[in-house]
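Novice: Here you go, this is upload.txt (compact mmCIF, C-alpha atoms).
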# COMPACT_ATOMS: atom_id res chain seq x y z
CA MET D 18 37.73 4.34 151.94
CA SER D 19 34.75 3.30 149.81
CA ARG D 20 34.18 0.37 152.20
CA PHE D 21 33.87 2.91 154.99
CA TYR D 22 31.18 4.88 153.13
CA LEU D 23 29.39 1.61 152.41
CA ALA D 24 29.48 0.78 156.12
CA LEU D 25 28.30 4.29 157.03
CA GLY D 26 25.41 3.98 154.57
CA GLY D 27 24.57 0.54 155.98
CA VAL D 28 24.50 1.90 159.54
CA ALA D 29 22.28 4.80 158.42
CA VAL D 30 19.81 2.47 156.70
CA ALA D 31 19.73 0.07 159.68
CA CYS D 32 19.19 2.93 162.15
CA ALA D 33 16.48 4.46 159.95
CA ALA D 34 14.68 1.08 159.80
CA VAL D 35 14.83 0.69 163.59
CA LEU D 36 13.61 4.27 164.03
CA TYR D 37 10.69 3.61 161.68
CA LEU D 38 9.70 0.52 163.67
CA LEU D 39 9.92 2.41 166.95
CA VAL D 40 7.89 5.35 165.72
CA ARG D 41 5.10 3.61 163.82
CA GLN D 42 3.77 1.42 166.66
CA THR D 43 1.44 3.79 168.45
CA PRO D 44 -1.66 2.60 170.24
CA GLY D 45 -4.93 4.08 169.06
CA ALA D 46 -6.79 6.64 171.10
CA ALA D 47 -9.58 4.82 172.92
CA ARG D 48 -12.66 5.92 171.01
CA ALA D 49 -14.84 5.80 174.10
CA ALA D 50 -12.64 8.43 175.72
CA ALA D 51 -12.16 10.56 172.64
CA GLU D 52 -15.70 11.04 171.39
CA PRO D 53 -18.56 12.99 172.98
CA PRO D 54 -21.02 10.64 174.70
CA VAL D 55 -24.51 10.10 173.40
CA ALA D 56 -26.05 10.65 176.83
CA VAL D 57 -24.86 13.34 179.22
CA ALA D 58 -25.06 12.60 182.91
CA ASP D 59 -24.70 14.80 185.96
CA ASP D 60 -22.74 12.73 188.44
CA GLY D 61 -22.59 15.60 190.90
CA PHE D 62 -18.95 16.28 190.12
CA ARG D 63 -18.08 19.97 189.82
CA GLY D 64 -14.37 19.90 189.03
CA TYR D 65 -11.12 19.27 190.85
CA THR D 66 -10.00 22.01 193.17
CA LEU D 67 -6.75 23.36 194.53
CA GLY D 68 -6.58 25.22 197.81
CA SER D 69 -8.47 25.43 201.04
CA ASP D 70 -12.21 24.76 201.23
CA ALA D 71 -12.33 27.72 203.61
CA ALA D 72 -10.80 30.14 201.08
CA PRO D 73 -13.11 33.19 200.75
CA ILE D 74 -12.65 33.48 197.00
CA GLU D 75 -13.18 30.83 194.37
CA VAL D 76 -11.84 31.05 190.84
CA THR D 77 -13.36 28.69 188.30
CA GLU D 78 -11.35 28.07 185.18
CA TYR D 79 -12.89 26.67 182.00
CA SER D 80 -10.02 25.16 180.11
CA ASP D 81 -9.10 22.96 177.19
CA PHE D 82 -5.99 20.79 177.40
CA GLU D 83 -5.22 21.25 173.71
CA CYS D 84 -5.50 25.05 173.85
CA PRO D 85 -2.09 26.78 173.64
CA PHE D 86 -3.27 29.81 175.69
CA CYS D 87 -4.40 27.46 178.46
CA ALA D 88 -1.00 25.73 178.36
CA ASN D 89 0.80 29.06 178.57
CA PHE D 90 -1.38 30.10 181.46
CA ALA D 91 -0.78 26.81 183.31
CA ALA D 92 2.97 26.85 182.76
CA ILE D 93 3.72 30.55 183.22
CA GLN D 94 1.04 32.21 185.37
CA MET D 95 -0.25 29.35 187.49
CA PRO D 96 2.92 28.77 189.54
CA THR D 97 2.83 32.39 190.76
CA ILE D 98 -0.92 32.23 191.39
CA LYS D 99 -0.41 29.04 193.41
CA GLN D 100 2.34 30.64 195.44
CA GLN D 101 0.67 34.00 196.06
CA LEU D 102 -3.02 33.18 196.23
CA ILE D 103 -3.74 29.48 196.62
CA THR D 104 -1.19 28.27 199.18
CA THR D 105 -1.82 31.44 201.22
CA GLY D 106 -5.46 30.38 201.62
CA LYS D 107 -6.91 33.35 199.77
CA VAL D 108 -8.21 31.44 196.77
CA ARG D 109 -9.65 28.07 195.93
CA TRP D 110 -9.10 27.16 192.27
CA ARG D 111 -11.63 25.01 190.42
CA PHE D 112 -10.85 23.40 187.08
CA ARG D 113 -13.66 22.72 184.61
CA ASP D 114 -13.31 21.06 181.24
CA PHE D 115 -14.37 22.99 178.18
CA PRO D 116 -13.08 20.95 175.21
CA LEU D 117 -13.38 23.02 172.06
CA PRO D 118 -14.82 21.23 169.02
CA SER D 119 -11.94 22.42 166.85
CA HIS D 120 -9.45 20.41 168.90
CA GLN D 121 -9.10 16.77 167.94
CA TYR D 122 -7.67 15.37 171.17
CA SER D 123 -9.12 17.73 173.79
CA ARG D 124 -11.65 15.27 175.09
CA PHE D 125 -9.10 12.50 175.11
CA ALA D 126 -6.70 14.64 177.16
CA ALA D 127 -9.50 15.72 179.51
CA HIS D 128 -10.40 12.05 179.96
CA ALA D 129 -6.79 11.18 180.70
CA ALA D 130 -6.78 13.84 183.42
CA GLN D 131 -10.04 12.49 184.85
CA CYS D 132 -8.58 8.98 184.90
CA ALA D 133 -5.60 10.38 186.80
CA GLY D 134 -8.04 12.10 189.16
CA GLU D 135 -9.58 8.71 189.86
CA GLN D 136 -6.19 7.75 191.31
CA GLY D 137 -5.85 11.04 193.20
CA ARG D 138 -3.42 12.57 190.71
CA PHE D 139 -5.49 14.95 188.61
CA TRP D 140 -3.20 17.96 189.11
CA GLU D 141 -0.05 15.93 188.39
CA MET D 142 -1.58 14.82 185.07
CA HIS D 143 -2.87 18.36 184.43
CA ASP D 144 0.72 19.60 184.75
CA GLN D 145 2.11 16.85 182.52
CA LEU D 146 -0.43 17.63 179.79
CA PHE D 147 0.19 21.36 179.92
CA TYR D 148 3.94 21.46 180.61
CA ASN D 149 4.74 19.03 177.76
CA HIS D 150 2.39 20.65 175.32
CA ALA D 151 4.23 19.79 172.09
CA TRP D 152 1.74 16.92 171.59
CA ALA D 153 -0.96 19.47 170.82
CA GLN D 154 0.94 20.90 167.87
CA THR D 155 1.69 17.70 165.98
CA GLY D 156 -1.82 16.44 165.18
CA LYS D 157 -0.52 12.94 165.90
CA ASN D 158 -2.35 10.48 168.10
CA PRO D 159 -1.05 11.23 171.61
CA ALA D 160 -2.37 8.06 173.28
CA GLY D 161 1.08 6.57 173.83
CA LEU D 162 2.51 9.86 175.02
CA PHE D 163 -0.35 10.27 177.51
CA ARG D 164 0.44 6.81 178.92
CA ASP D 165 3.96 8.05 179.50
CA PHE D 166 2.59 11.18 181.18
CA ALA D 167 0.43 8.91 183.32
CA LYS D 168 3.47 6.89 184.30
CA ALA D 169 5.44 10.04 185.06
CA ALA D 170 2.50 11.30 187.14
CA GLY D 171 2.77 8.14 189.22
CA LEU D 172 -0.38 6.37 188.02
CA ASP D 173 -1.07 2.66 188.05
CA LEU D 174 -1.00 2.09 184.29
CA ALA D 175 -3.28 -0.94 184.28
CA ARG D 176 -6.00 1.08 186.02
CA TYR D 177 -5.32 4.06 183.75
CA ASP D 178 -5.64 1.89 180.62
CA ALA D 179 -8.88 0.34 181.85
CA CYS D 180 -10.27 3.79 182.67
CA MET D 181 -9.36 5.19 179.24
CA GLU D 182 -10.78 2.16 177.47
CA SER D 183 -14.08 2.42 179.33
CA GLY D 184 -14.53 6.11 178.58
CA ARG D 185 -16.43 6.39 181.84
CA TYR D 186 -15.77 10.10 182.31
CA ALA D 187 -16.82 11.18 178.82
CA ALA D 188 -20.32 12.10 180.04
CA ARG D 189 -18.84 14.10 182.94
CA ILE D 190 -16.63 16.07 180.54
CA GLU D 191 -19.56 16.80 178.25
CA PHE D 192 -21.60 17.91 181.26
CA SER D 193 -18.84 20.35 182.15
CA ARG D 194 -18.74 21.66 178.58
CA GLN D 195 -22.52 22.17 178.54
CA GLU D 196 -22.28 23.93 181.90
CA GLY D 197 -19.73 26.25 180.26
CA ASP D 198 -22.14 26.83 177.37
CA GLN D 199 -24.84 27.84 179.84
CA ARG D 200 -22.44 30.32 181.44
CA LEU D 201 -21.71 31.73 177.95
CA VAL D 202 -18.12 30.53 177.88
CA ASP D 203 -16.99 31.20 174.33
CA GLY D 204 -13.27 30.48 174.48
CA THR D 205 -10.53 29.12 176.67
CA PRO D 206 -9.32 29.87 179.19
CA THR D 207 -12.33 31.64 180.71
CA PHE D 208 -12.41 32.52 184.40
CA PHE D 209 -15.14 33.25 186.93
CA VAL D 210 -14.26 34.85 190.24
CA ASN D 211 -16.86 34.09 192.91
CA GLY D 212 -19.29 33.34 190.12
CA GLU D 213 -18.67 36.51 188.13
CA ARG D 214 -16.97 36.34 184.80
CA LEU D 215 -13.53 37.91 184.74
CA ARG D 216 -13.24 40.22 181.75
CA THR D 217 -9.75 41.49 181.09
CA ASN D 218 -7.34 41.84 178.22
CA SER D 219 -4.66 39.72 179.85
CA TYR D 220 -4.70 36.81 182.26
CA GLY D 221 -1.44 37.49 184.06
CA SER D 222 -0.98 36.46 187.68
CA ASP D 223 -0.93 40.18 188.60
CA VAL D 224 -4.51 40.55 187.30
CA PHE D 225 -5.68 37.77 189.62
CA LYS D 226 -3.73 39.24 192.52
CA HIS D 227 -5.32 42.64 191.92
CA VAL D 228 -8.84 41.19 191.71
CA VAL D 229 -8.36 39.05 194.82
CA ASP D 230 -6.83 41.93 196.79
CA SER D 231 -9.71 44.26 195.92
CA LEU D 232 -12.32 41.60 196.78
CA THR D 233 -10.57 40.90 200.07
CA ALA D 234 -10.40 44.62 200.90
CA ARG D 235 -14.12 44.97 200.12
CA ARG D 236 -14.97 42.16 202.52
CA LYS D 237 -13.13 43.79 205.44
CA MET R 13 41.97 7.95 159.72
CA ARG R 14 40.42 4.96 161.47
CA HIS R 15 39.58 7.08 164.50
CA ARG R 16 37.77 9.64 162.36
CA GLN R 17 35.86 6.84 160.61
CA ALA R 18 34.86 5.39 163.98
CA ILE R 19 33.72 8.84 165.14
CA ALA R 20 31.57 9.24 162.00
CA LEU R 21 29.94 5.83 162.54
CA LEU R 22 29.28 6.51 166.22
CA ALA R 23 27.88 9.97 165.43
CA MET R 24 25.52 8.40 162.87
CA VAL R 25 24.14 6.00 165.52
CA GLY R 26 23.95 8.81 168.10
CA LEU R 27 22.11 10.99 165.61
CA PHE R 28 19.32 8.41 165.31
CA VAL R 29 19.11 7.92 169.09
CA ALA R 30 18.74 11.67 169.59
CA LEU R 31 16.30 11.87 166.67
CA TYR R 32 14.09 9.22 168.29
CA LEU R 33 14.05 11.06 171.62
CA TRP R 34 13.29 14.33 169.86
CA LEU R 35 10.43 12.81 167.80
CA TYR R 36 9.04 11.41 171.04
CA LYS R 37 9.31 14.76 172.77
CA ILE R 38 7.37 16.59 170.04
CA GLY R 39 4.69 13.90 170.09
CA VAL R 40 5.46 12.18 166.79
CA ALA R 41 6.91 8.93 168.14
CA GLY R 42 4.01 7.89 170.37
CA GLU R 43 4.96 5.77 173.35
CA LEU R 44 8.65 5.65 174.23
CA LYS R 45 10.07 2.13 174.02
CA CYS R 46 12.25 1.97 177.08
CA GLY R 47 12.09 -1.55 178.53
CA THR R 48 12.36 -1.43 182.30
CA GLY R 49 13.87 2.06 182.43
CA ALA R 50 12.14 5.29 183.37
CA CYS R 51 12.57 7.17 180.11
CA GLU R 52 9.16 8.85 180.34
CA THR R 53 9.97 10.22 183.81
CA VAL R 54 13.15 11.77 182.46
CA GLN R 55 11.53 12.99 179.25
CA ALA R 56 8.55 14.47 181.09
CA SER R 57 10.72 16.26 183.65
CA ARG R 58 11.45 19.96 183.39
CA TRP R 59 15.06 19.08 182.60
CA ALA R 60 14.04 17.60 179.24
CA GLU R 61 13.96 21.15 177.88
CA LEU R 62 16.60 23.85 177.92
CA PHE R 63 15.61 27.44 177.07
CA GLY R 64 12.32 26.05 175.79
CA VAL R 65 14.07 23.70 173.35
CA PRO R 66 13.93 19.91 173.84
CA VAL R 67 17.33 18.67 175.06
CA ALA R 68 17.10 15.89 172.47
CA LEU R 69 17.20 18.52 169.72
CA PHE R 70 20.54 19.72 171.06
CA GLY R 71 21.63 16.08 170.70
CA VAL R 72 20.41 15.89 167.10
CA VAL R 73 22.27 19.06 166.17
CA GLY R 74 25.38 18.05 168.14
CA TYR R 75 25.64 14.63 166.51
CA ALA R 76 24.92 16.06 163.06
CA VAL R 77 27.72 18.62 163.47
CA ILE R 78 30.21 15.97 164.68
CA LEU R 79 29.21 13.69 161.79
CA GLY R 80 29.67 16.52 159.31
CA VAL R 81 33.06 17.54 160.70
CA ALA R 82 34.23 13.90 160.79
CA LEU R 83 33.25 13.42 157.13
CA VAL R 84 35.04 16.63 156.13
CA ALA R 85 38.06 15.54 158.18
CA LEU R 86 38.13 12.28 156.19
CA GLN R 87 38.60 14.06 152.88
CA PRO R 88 42.05 13.13 151.47
CA ALA R 89 43.20 16.76 151.47
CA ARG R 90 42.45 17.09 155.19
CA LEU R 91 43.61 13.71 156.44
CA SER R 92 47.08 14.93 157.34
CA ARG R 93 45.88 18.20 158.87
CA ARG R 94 45.53 18.63 162.61
CA GLY R 95 42.81 21.32 162.54
CA PRO R 96 39.83 19.02 161.88
CA GLY R 97 41.08 16.64 164.58
CA LEU R 98 41.33 19.52 167.01
CA LEU R 99 37.82 20.68 166.12
CA LEU R 100 36.48 17.12 166.57
CA ALA R 101 38.15 16.84 169.97
CA THR R 102 36.68 20.20 171.04
CA LEU R 103 33.17 19.24 169.89
CA ALA R 104 33.49 15.80 171.49
CA THR R 105 34.59 17.33 174.79
CA GLY R 106 31.64 19.73 174.77
CA GLY R 107 29.30 16.82 174.01
CA LEU R 108 30.79 14.69 176.74
CA LEU R 109 30.46 17.45 179.34
CA PHE R 110 26.84 18.05 178.32
CA SER R 111 26.15 14.31 178.60
CA ALA R 112 27.85 14.16 181.99
CA TRP R 113 25.64 17.00 183.23
CA LEU R 114 22.49 15.22 181.95
CA THR R 115 23.58 11.96 183.58
CA TYR R 116 24.15 13.83 186.86
CA LEU R 117 20.59 15.23 186.61
CA GLU R 118 19.17 11.76 185.98
CA LEU R 119 21.00 10.21 188.92
CA PHE R 120 20.77 12.92 191.55
CA VAL R 121 17.94 15.29 190.62
CA ILE R 122 15.32 13.37 188.63
CA HIS R 123 16.20 10.03 190.26
CA ALA R 124 15.34 8.12 187.10
CA ILE R 125 17.42 6.64 184.33
CA CYS R 126 16.53 6.77 180.67
CA ARG R 127 18.17 3.92 178.76
CA TRP R 128 18.32 5.88 175.54
CA CYS R 129 20.12 8.68 177.35
CA VAL R 130 22.61 6.14 178.75
CA VAL R 131 23.20 4.84 175.22
CA SER R 132 23.76 8.40 174.03
CA ALA R 133 26.16 9.10 176.93
CA LEU R 134 28.18 5.98 176.07
CA ILE R 135 28.35 7.04 172.42
CA ARG R 136 29.50 10.51 173.50
CA ALA R 137 32.21 8.95 175.68
CA ALA R 138 33.35 6.69 172.83
CA ILE R 139 33.43 9.65 170.40
CA TRP R 140 35.48 11.63 172.91
CA GLY R 141 37.91 8.71 173.35
CA GLY R 142 38.26 8.39 169.58
CA ALA R 143 38.78 12.12 169.10
CA VAL R 144 41.46 12.33 171.80
CA HIS R 145 43.21 9.25 170.40
CA ALA R 146 43.07 10.72 166.90
CA LEU R 147 44.57 13.96 168.18
CA LYS R 148 47.45 12.08 169.83
CA SER R 149 48.04 10.07 166.64
CA ASP R 150 48.04 13.31 164.61
CA GLY R 151 50.68 14.67 167.00
CA ARG R 152 52.90 11.59 166.58
CA THR R 153 52.61 11.58 162.79
CA GLY R 154 53.28 15.33 162.61
CA GLY R 155 49.89 16.49 161.32
CA ARG R 156 49.78 20.12 160.23
CA ALA R 157 47.53 22.64 161.92
CA ASP R 158 45.30 24.44 159.43
What would you get if you wrote out this structure as structure tokens?
Specialist:
Amino acid sequence: MSRFYLALGGVAVACAAVLYLLVRQTPGAARAAAEPPVAVADDGFRGYTLGSDAAPIEVTEYSDFECPFCANFAAIQMPTIKQQLITTGKVRWRFRDFPLPSHQYSRFAAHAAQCAGEQGRFWEMHDQLFYNHAWAQTGKNPAGLFRDFAKAAGLDLARYDACMESGRYAARIEFSRQEGDQRLVDGTPTFFVNGERLRTNSYGSDVFKHVVDSLTARRK
Amino acid sequence: MRHRQAIALLAMVGLFVALYLWLYKIGVAGELKCGTGACETVQASRWAELFGVPVALFGVVGYAVILGVALVALQPARLSRRGPGLLLATLATGGLLFSAWLTYLELFVIHAICRWCVVSALIRAAIWGGAVHALKSDGRTGGRAD
């Protein structure tokens, strides 16, 4: 019997050692993508959009990928909004980055989404980052996890890695943040409907439906 | 007794496999080492969580419970009793069915295979085989139900 407990202990130690080796090897977050750029450039980009260009109403969302409220909104409210307002052609949704300074990996996540956008998969990466939001609660370097999200989103990983390493969208993200500052965005998520800030106590899909319905009725 | 020992050893290995997948899911483990498989596709799918809880955590708890019951069942006073064997077989059957459902999702819904999940499914199957065998042996040797 004691030989059995010795064997069990041996298996536990061996498994723990393997687990340690598997867990400790995480690639570092590319600094170029994680830090704010020295120079901010306007490359003419004004955010990825969902919905028809002909939609009469545009909602602009200022969001932070590390923000738990933004993740809740994306996972719980956004599917209904997509179904009721975006796919029906009533609304065009515009996503703007507003990385909060208190969040360590916001810029890195925003950059990962931009790198996915470069390959035509911004919204797929957006969903991966928000639907699997546990990374934002650990404080651990999420670089490896984001690569997995990129793979799950169908990205070419070599191009993704090169994009993240270059940090080429850092200036674009900072431009978006400064744009938010100018529009007095003070938290995330913040929404503008046809250019006017939406002020409400809750950001449920029913609020957006109500606002869009009243705007549509006014236009008739 | 040998079956229960084998179950304990297998549950110990399974516990670490599930622990790794859980640590990955909560962002602690970094990149998932998966070889040529599609672990990240499976882990990033909506099926990787059940009622808002990572599926891997169910695995951690499940293996820990089986390991605990197997160790209790190995105590000299309980070796001849049929109750612990019955409990192990019940837990192992539940685990096997859960694994079978996850494997079905991988093959026919997600269309991706996670190697670690396959390893876990094989361990579950082996634990189930051991538990059923142990139960039959208990029956032959006239183990008492407690």
Novice: Give one line per residue of chain R that approaches chain D to at most 10 Å, naming the two atoms of the closest pair and their distance in Å to one decimal, counting all atoms listed in the file; sort by chain then ascending residue number and deliver it as a Markdown table.
Specialist:
| residue | atom | partner | partner_atom | distance |
| --- | --- | --- | --- | --- |
| R:Met13 | CA | D:Met18 | CA | 9.6 |
| R:Arg14 | CA | D:Phe21 | CA | 9.4 |
| R:Gln17 | CA | D:Phe21 | CA | 7.1 |
| R:Ala18 | CA | D:Phe21 | CA | 9.4 |
| R:Ala20 | CA | D:Leu25 | CA | 7.7 |
| R:Leu21 | CA | D:Leu25 | CA | 6.0 |
| R:Leu22 | CA | D:Val28 | CA | 9.4 |
| R:Met24 | CA | D:Ala29 | CA | 6.6 |
| R:Val25 | CA | D:Cys32 | CA | 6.7 |
| R:Gly26 | CA | D:Cys32 | CA | 9.6 |
| R:Leu27 | CA | D:Cys32 | CA | 9.2 |
| R:Phe28 | CA | D:Cys32 | CA | 6.3 |
| R:Val29 | CA | D:Leu36 | CA | 8.3 |
| R:Leu31 | CA | D:Leu36 | CA | 8.5 |
| R:Tyr32 | CA | D:Leu36 | CA | 6.5 |
| R:Leu35 | CA | D:Val40 | CA | 8.2 |
| R:Tyr36 | CA | D:Leu162 | CA | 7.8 |
| R:Lys37 | CA | D:Ala151 | CA | 7.2 |
| R:Ile38 | CA | D:Ala151 | CA | 4.9 |
| R:Gly39 | CA | D:Trp152 | CA | 4.5 |
| R:Val40 | CA | D:Lys157 | CA | 6.1 |
| R:Ala41 | CA | D:Val40 | CA | 4.4 |
| R:Gly42 | CA | D:Gly161 | CA | 4.7 |
| R:Glu43 | CA | D:Gly161 | CA | 4.0 |
| R:Leu44 | CA | D:Asp165 | CA | 7.5 |
| R:Lys45 | CA | D:Leu39 | CA | 7.1 |
| R:Ala50 | CA | D:Ala169 | CA | 8.4 |
| R:Cys51 | CA | D:Asp165 | CA | 8.7 |
| R:Glu52 | CA | D:Asp165 | CA | 5.3 |
| R:Thr53 | CA | D:Ala169 | CA | 4.7 |
| R:Val54 | CA | D:Ala169 | CA | 8.3 |
| R:Gln55 | CA | D:Ala169 | CA | 8.9 |
| R:Ala56 | CA | D:Ala169 | CA | 6.7 |
| R:Ser57 | CA | D:Ala169 | CA | 8.3 |
| R:Arg58 | CA | D:Tyr148 | CA | 8.1 |
| R:Ala60 | CA | D:Asn149 | CA | 9.5 |
| R:Glu61 | CA | D:Asn149 | CA | 9.5 |
| R:Pro66 | CA | D:Ala151 | CA | 9.9 |
| R:Leu83 | CA | D:Tyr22 | CA | 9.7 |
| R:Leu86 | CA | D:Met18 | CA | 9.0 |
| R:Gln87 | CA | D:Met18 | CA | 9.8 |
| R:Pro88 | CA | D:Met18 | CA | 9.8 |
Novice: Tell me, as a PyMOL selection string, which residues lie within 12 Å of Tyr220 of chain D, counting all atoms listed in the file; anything in the same chain fewer than 5 positions away does not count.
Specialist: chain D and resi 78+86-87+89-91+93-95+98+205-209+215+225-228
Novice: From the set D:Tyr186, D:Phe115, D:Phe147, D:Trp110, which residue has the shortest atom-to-atom contact distance to Gly68 of chain D, counting only C-alpha atoms?
Specialist: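 Going through D:Tyr186, D:Phe115, D:Phe147, D:Trp110 one by one, the smallest distance to Gly68 of chain D is for D:Trp110.
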Novice: Report, in Å with one decimal, the straight-line distance from atom CA of Phe120 of chain R to atom CA of Trp59 of chain R.
Specialist: 12.3 Å
Novice: If you count all atoms listed in the file, which residues fall within 10 Å of Glu196 of chain D, apart from same-chain ones fewer than 4 positions away, as a list of chain:residue names?
Specialist: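 The neighbour list is D:Arg63, D:Tyr79, D:Arg113, D:Asp114, D:Phe115, D:Ile190, D:Glu191, D:Phe192, D:Arg200, D:Leu201, D:Val202.
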Novice: Of the candidates R:Gly80, R:Ala137, R:Val130, R:Ile122, which one gets nearest to Leu109 of chain R if we count all atoms listed in the file?
Specialist: R:Ala137
Novice: Identify which of the residues D:Ile74, D:Leu117, D:Ala126, D:Ala234 lies closest to Met142 of chain D, counting only C-alpha atoms when measuring atom-to-atom distances.
Specialist: D:Ala126
Novice: Kindly give the distance, in Å, that separates atom CA of Val77 of chain R and atom CA of Leu134 of chain R, rounded to a single decimal.
Specialist: 17.9 Å
